[in-house]
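See structure below.
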Amino acid sequence: MSAKQRADRLRALHTDRTLVLPNAWDAASAALIARAGAPAIATTSGGVAWSAGRPDGHGLTREEMAELVARIVRVVDVPVTADIEGGYGPSADDVAATVRAIVDAGAVGINLEDSTAPGGPLFDVPAQVGRVRAARDAATAAGLPELWINIRTDVYLFGIGEPEGRLDDVLTRAGAYAAAGADSLFVPGLIDLETLTVLVKESPLPVNVMVWPGAPTVAELEAAGVRRISVGTAIAQSAYAVAERAAAELLEHGTYTALEGGLDFGTVNSAVTA
């Protein structure tokens, strides 16, 4: 498929039904997630950074991140949307450069945060609007005006402002970001179904949430009107937990039970064999 065809497919997936995205962190995880039936691949910035031995939160350079995304694109036949964190720099020009790199890497969607750093504070609305516009303009100039922009607001994730004002803050940001060219609104940290139902009804953008063990089910979120669901670093964390447990068991006890249930060699090898 051409880049435009992949981008059009990603757009269609946001309207067909609620899009569920198990996040990948390297080429092999992406290939296996696609094999499991995922209609698109979303990267997790934390997992991608960890796979390269760096921390999340702009631990990678723009160029390193783009190369890792390109490796994922090369092994899957489904659209790839890339988590570009805060754009690898605070300015609109930084965001534009990152979008150009991502389009060159073959991704057809992005996540872009409105926090200036992990934990906040957030960019003010005019500044973030300029960054969203820069992303849209850069994609258009790069020949991919169909790039899907999933704009992330960290109001709930980082507990910005008084609790009673957070929904209004998110809605204000959603309206401004939509006018600037965003396609969907990502609100990590918010899983309360009552609040989500209100947000979905009043937001001009379809809503994406991040889930974890104990969060409402996909069916419950879909009933509330959520259009996109992802898991962030959770699958990568689970995989790394297996690695640590298996290593500890082997080193401390000389046994291998933590290795039970793993994929067979042929399954993994064939998933990344062109």
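Ordering of the structure tokens sets the chain letters (A, B, ...); residue numbers start at 1 within each chain; ligands are numbered from 1 in the order shown.
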Mind listing the strand (DSSP E) residues of stretch 92-245 of chain A, per DSSP on the backbone, as a list in words?
Gly109, Ile110, Asn111, Leu112, Glu113, Trp148, Ile149, Asn150, Ile151, Arg152, Ser184, Leu185, Phe186, Val207, Asn208, Val209, Met210, Arg228, Ile229 and Ser230 of chain A
Residues just named, written with N, CA and C atoms as a short mmCIF file (atom, residue, chain, number, x, y, z; two decimals), in the first residue's frame:
data_model
loop_
_atom_site.label_atom_id
_atom_site.label_comp_id
_atom_site.auth_asym_id
_atom_site.auth_seq_id
_atom_site.Cartn_x
_atom_site.Cartn_y
_atom_site.Cartn_z
N GLY A 109 0.34 8.28 11.16
CA GLY A 109 -0.35 8.92 12.26
C GLY A 109 0.65 9.26 13.35
N ILE A 110 0.27 10.20 14.21
CA ILE A 110 1.13 10.58 15.34
C ILE A 110 0.30 10.80 16.59
N ASN A 111 0.95 10.66 17.75
CA ASN A 111 0.49 11.20 19.02
C ASN A 111 1.37 12.39 19.34
N LEU A 112 0.79 13.50 19.73
CA LEU A 112 1.55 14.69 20.11
C LEU A 112 1.03 15.19 21.45
N GLU A 113 1.92 15.33 22.44
CA GLU A 113 1.55 15.72 23.80
C GLU A 113 1.50 17.23 23.94
N TRP A 148 -2.92 11.28 10.45
CA TRP A 148 -3.85 11.35 11.59
C TRP A 148 -3.12 11.93 12.79
N ILE A 149 -3.63 13.02 13.33
CA ILE A 149 -3.02 13.66 14.50
C ILE A 149 -3.89 13.38 15.73
N ASN A 150 -3.36 12.54 16.60
CA ASN A 150 -4.01 12.20 17.87
C ASN A 150 -3.38 13.10 18.92
N ILE A 151 -4.09 14.15 19.31
CA ILE A 151 -3.49 15.14 20.20
C ILE A 151 -3.74 14.73 21.65
N ARG A 152 -2.67 14.64 22.38
CA ARG A 152 -2.75 14.17 23.76
C ARG A 152 -2.73 15.35 24.72
N SER A 184 -8.10 13.61 16.64
CA SER A 184 -8.68 12.92 17.80
C SER A 184 -8.01 13.44 19.05
N LEU A 185 -8.65 13.18 20.18
CA LEU A 185 -8.21 13.69 21.48
C LEU A 185 -7.85 12.52 22.38
N PHE A 186 -6.61 12.50 22.85
CA PHE A 186 -6.12 11.43 23.72
C PHE A 186 -6.03 12.00 25.14
N VAL A 207 -12.63 10.55 21.05
CA VAL A 207 -11.82 10.45 22.26
C VAL A 207 -11.08 9.12 22.31
N ASN A 208 -9.79 9.20 22.67
CA ASN A 208 -8.91 8.06 22.89
C ASN A 208 -8.59 7.99 24.38
N VAL A 209 -8.67 6.79 24.97
CA VAL A 209 -8.25 6.62 26.36
C VAL A 209 -7.18 5.55 26.45
N MET A 210 -6.43 5.60 27.54
CA MET A 210 -5.41 4.59 27.83
C MET A 210 -5.89 3.72 28.97
N ARG A 228 -11.26 5.21 20.55
CA ARG A 228 -9.93 4.62 20.39
C ARG A 228 -9.40 4.27 21.77
N ILE A 229 -8.81 3.08 21.88
CA ILE A 229 -8.32 2.57 23.16
C ILE A 229 -6.90 2.04 22.96
N SER A 230 -5.99 2.45 23.82
CA SER A 230 -4.61 1.96 23.74
C SER A 230 -4.13 1.62 25.15
#
Determine, counting only C-alpha atoms, which protein, DNA and RNA residues have an atom within 10 Å of an atom of A:Ala134; residues of the same chain fewer than 2 positions away are not included. Present the result as a ChimeraX atom specification.
/A:91-97,99,128-132,136-140,180-181
Take the selection from the previous step and output its residues with N, CA and C atoms, as an mmCIF file, in the first residue's frame.
data_model
loop_
_atom_site.group_PDB
_atom_site.id
_atom_site.type_symbol
_atom_site.label_atom_id
_atom_site.label_comp_id
_atom_site.auth_asym_id
_atom_site.auth_seq_id
_atom_site.Cartn_x
_atom_site.Cartn_y
_atom_site.Cartn_z
ATOM 1 N N SER A 91 9.316 24.034 20.239
ATOM 2 C CA SER A 91 8.798 24.986 19.265
ATOM 3 C C SER A 91 7.975 24.314 18.173
ATOM 4 N N ALA A 92 7.226 25.140 17.452
ATOM 5 C CA ALA A 92 6.479 24.639 16.299
ATOM 6 C C ALA A 92 7.428 24.072 15.246
ATOM 7 N N ASP A 93 8.586 24.691 15.095
ATOM 8 C CA ASP A 93 9.570 24.185 14.125
ATOM 9 C C ASP A 93 10.071 22.801 14.522
ATOM 10 N N ASP A 94 10.250 22.565 15.821
ATOM 11 C CA ASP A 94 10.661 21.241 16.299
ATOM 12 C C ASP A 94 9.614 20.186 15.922
ATOM 13 N N VAL A 95 8.348 20.522 16.152
ATOM 14 C CA VAL A 95 7.265 19.589 15.826
ATOM 15 C C VAL A 95 7.246 19.315 14.328
ATOM 16 N N ALA A 96 7.390 20.344 13.523
ATOM 17 C CA ALA A 96 7.385 20.172 12.063
ATOM 18 C C ALA A 96 8.510 19.251 11.621
ATOM 19 N N ALA A 97 9.698 19.438 12.183
ATOM 20 C CA ALA A 97 10.828 18.582 11.816
ATOM 21 C C ALA A 97 10.559 17.132 12.191
ATOM 22 N N VAL A 99 7.570 15.682 12.479
ATOM 23 C CA VAL A 99 6.552 15.144 11.574
ATOM 24 C C VAL A 99 7.177 14.777 10.232
ATOM 25 N N GLN A 128 0.244 25.486 22.100
ATOM 26 C CA GLN A 128 -0.013 24.147 21.588
ATOM 27 C C GLN A 128 -0.773 24.185 20.269
ATOM 28 N N VAL A 129 -1.662 25.158 20.114
ATOM 29 C CA VAL A 129 -2.353 25.327 18.835
ATOM 30 C C VAL A 129 -1.334 25.556 17.717
ATOM 31 N N GLY A 130 -0.337 26.384 17.974
ATOM 32 C CA GLY A 130 0.701 26.606 16.968
ATOM 33 C C GLY A 130 1.471 25.344 16.638
ATOM 34 N N ARG A 131 1.684 24.495 17.627
ATOM 35 C CA ARG A 131 2.403 23.242 17.406
ATOM 36 C C ARG A 131 1.552 22.266 16.605
ATOM 37 N N VAL A 132 0.245 22.229 16.885
ATOM 38 C CA VAL A 132 -0.638 21.355 16.103
ATOM 39 C C VAL A 132 -0.699 21.822 14.647
ATOM 40 N N ARG A 136 0.287 19.728 11.178
ATOM 41 C CA ARG A 136 -0.576 19.559 10.011
ATOM 42 C C ARG A 136 0.079 20.134 8.762
ATOM 43 N N ASP A 137 0.662 21.323 8.870
ATOM 44 C CA ASP A 137 1.303 21.947 7.706
ATOM 45 C C ASP A 137 2.497 21.125 7.226
ATOM 46 N N ALA A 138 3.268 20.584 8.177
ATOM 47 C CA ALA A 138 4.437 19.788 7.794
ATOM 48 C C ALA A 138 4.017 18.512 7.082
ATOM 49 N N ALA A 139 2.949 17.872 7.567
ATOM 50 C CA ALA A 139 2.468 16.659 6.904
ATOM 51 C C ALA A 139 2.001 16.957 5.490
ATOM 52 N N THR A 140 1.290 18.061 5.337
ATOM 53 C CA THR A 140 0.802 18.441 4.008
ATOM 54 C C THR A 140 1.975 18.722 3.082
ATOM 55 N N ALA A 180 -7.252 23.695 15.053
ATOM 56 C CA ALA A 180 -5.884 23.769 14.532
ATOM 57 C C ALA A 180 -5.524 22.600 13.623
ATOM 58 N N GLY A 181 -6.392 21.571 13.561
ATOM 59 C CA GLY A 181 -6.130 20.474 12.640
ATOM 60 C C GLY A 181 -5.956 19.108 13.261
#
List as a tab-separated table every residue of stretch 163-264 of chain A that is in contact with stretch 33-55 of chain A, defined as an atom at most 10 Å from one of its atoms (using only C-alpha atoms), together with the nearest atom pair and the distance in Å rounded to one decimal, sorted by chain and then rising number.
residue	atom	partner	partner_atom	distance
A:Ser230	CA	A:Ala42	CA	8.1
A:Val231	CA	A:Thr44	CA	8.6
A:Gly232	CA	A:Thr44	CA	5.5
A:Thr233	CA	A:Gly47	CA	5.7
A:Ala234	CA	A:Gly47	CA	8.8
A:Ile235	CA	A:Gly47	CA	8.8
A:Ala236	CA	A:Gly47	CA	5.9
A:Gln237	CA	A:Gly47	CA	8.0
A:Tyr240	CA	A:Gly47	CA	10.0
Would you save the residues from that selection as an mmCIF file, in the first residue's frame, using C-alpha atoms?
data_model
loop_
_atom_site.group_PDB
_atom_site.id
_atom_site.type_symbol
_atom_site.label_atom_id
_atom_site.label_comp_id
_atom_site.auth_asym_id
_atom_site.auth_seq_id
_atom_site.Cartn_x
_atom_site.Cartn_y
_atom_site.Cartn_z
ATOM 1 C CA SER A 230 -4.613 1.962 23.744
ATOM 2 C CA VAL A 231 -2.462 0.516 26.524
ATOM 3 C CA GLY A 232 0.670 2.673 26.508
ATOM 4 C CA THR A 233 3.695 0.867 27.909
ATOM 5 C CA ALA A 234 1.665 -1.879 29.626
ATOM 6 C CA ILE A 235 2.440 -4.752 27.224
ATOM 7 C CA ALA A 236 6.130 -3.829 27.144
ATOM 8 C CA GLN A 237 6.181 -3.737 30.941
ATOM 9 C CA TYR A 240 10.048 -7.110 30.625
#
Can you pull out every residue within 9 Å of A:Arg6, counting only C-alpha atoms, but drop anything in the same chain fewer than 3 positions away, and send it as a tab-separated table (two decimals) with C-alpha atoms, in the first residue's frame?
chain	number	residue	atom	x	y	z
A	1	MET	CA	0.00	0.00	0.00
A	2	SER	CA	1.06	3.57	-0.60
A	3	ALA	CA	1.41	5.99	2.29
A	9	ARG	CA	-7.05	3.07	6.10
A	10	LEU	CA	-6.12	4.48	9.50
A	11	ARG	CA	-8.77	7.17	9.08
A	77	ASP	CA	1.38	-4.49	6.38
A	78	VAL	CA	-0.97	-2.35	8.49
A	79	PRO	CA	-0.88	1.40	9.19
A	80	VAL	CA	1.54	2.61	11.86
A	107	ALA	CA	4.15	6.23	9.70
A	108	VAL	CA	0.75	7.69	8.85
What's around A:Pro216 at 9 Å? Count only C-alpha atoms, leave out sequence neighbours fewer than 5 positions away in its own chain, and write the answer as a PyMOL selection string.
chain A and resi 191-193+211+221
Suppose we keep C-alpha atoms; can you now write the selection as a compact mmCIF listing (two decimals), in the first residue's frame?
# COMPACT_ATOMS: atom_id res chain seq x y z
CA ILE A 191 -11.07 6.19 32.90
CA ASP A 192 -14.13 7.31 34.87
CA LEU A 193 -17.06 6.27 32.70
CA VAL A 211 -6.27 1.48 29.84
CA LEU A 221 -15.65 2.19 27.06
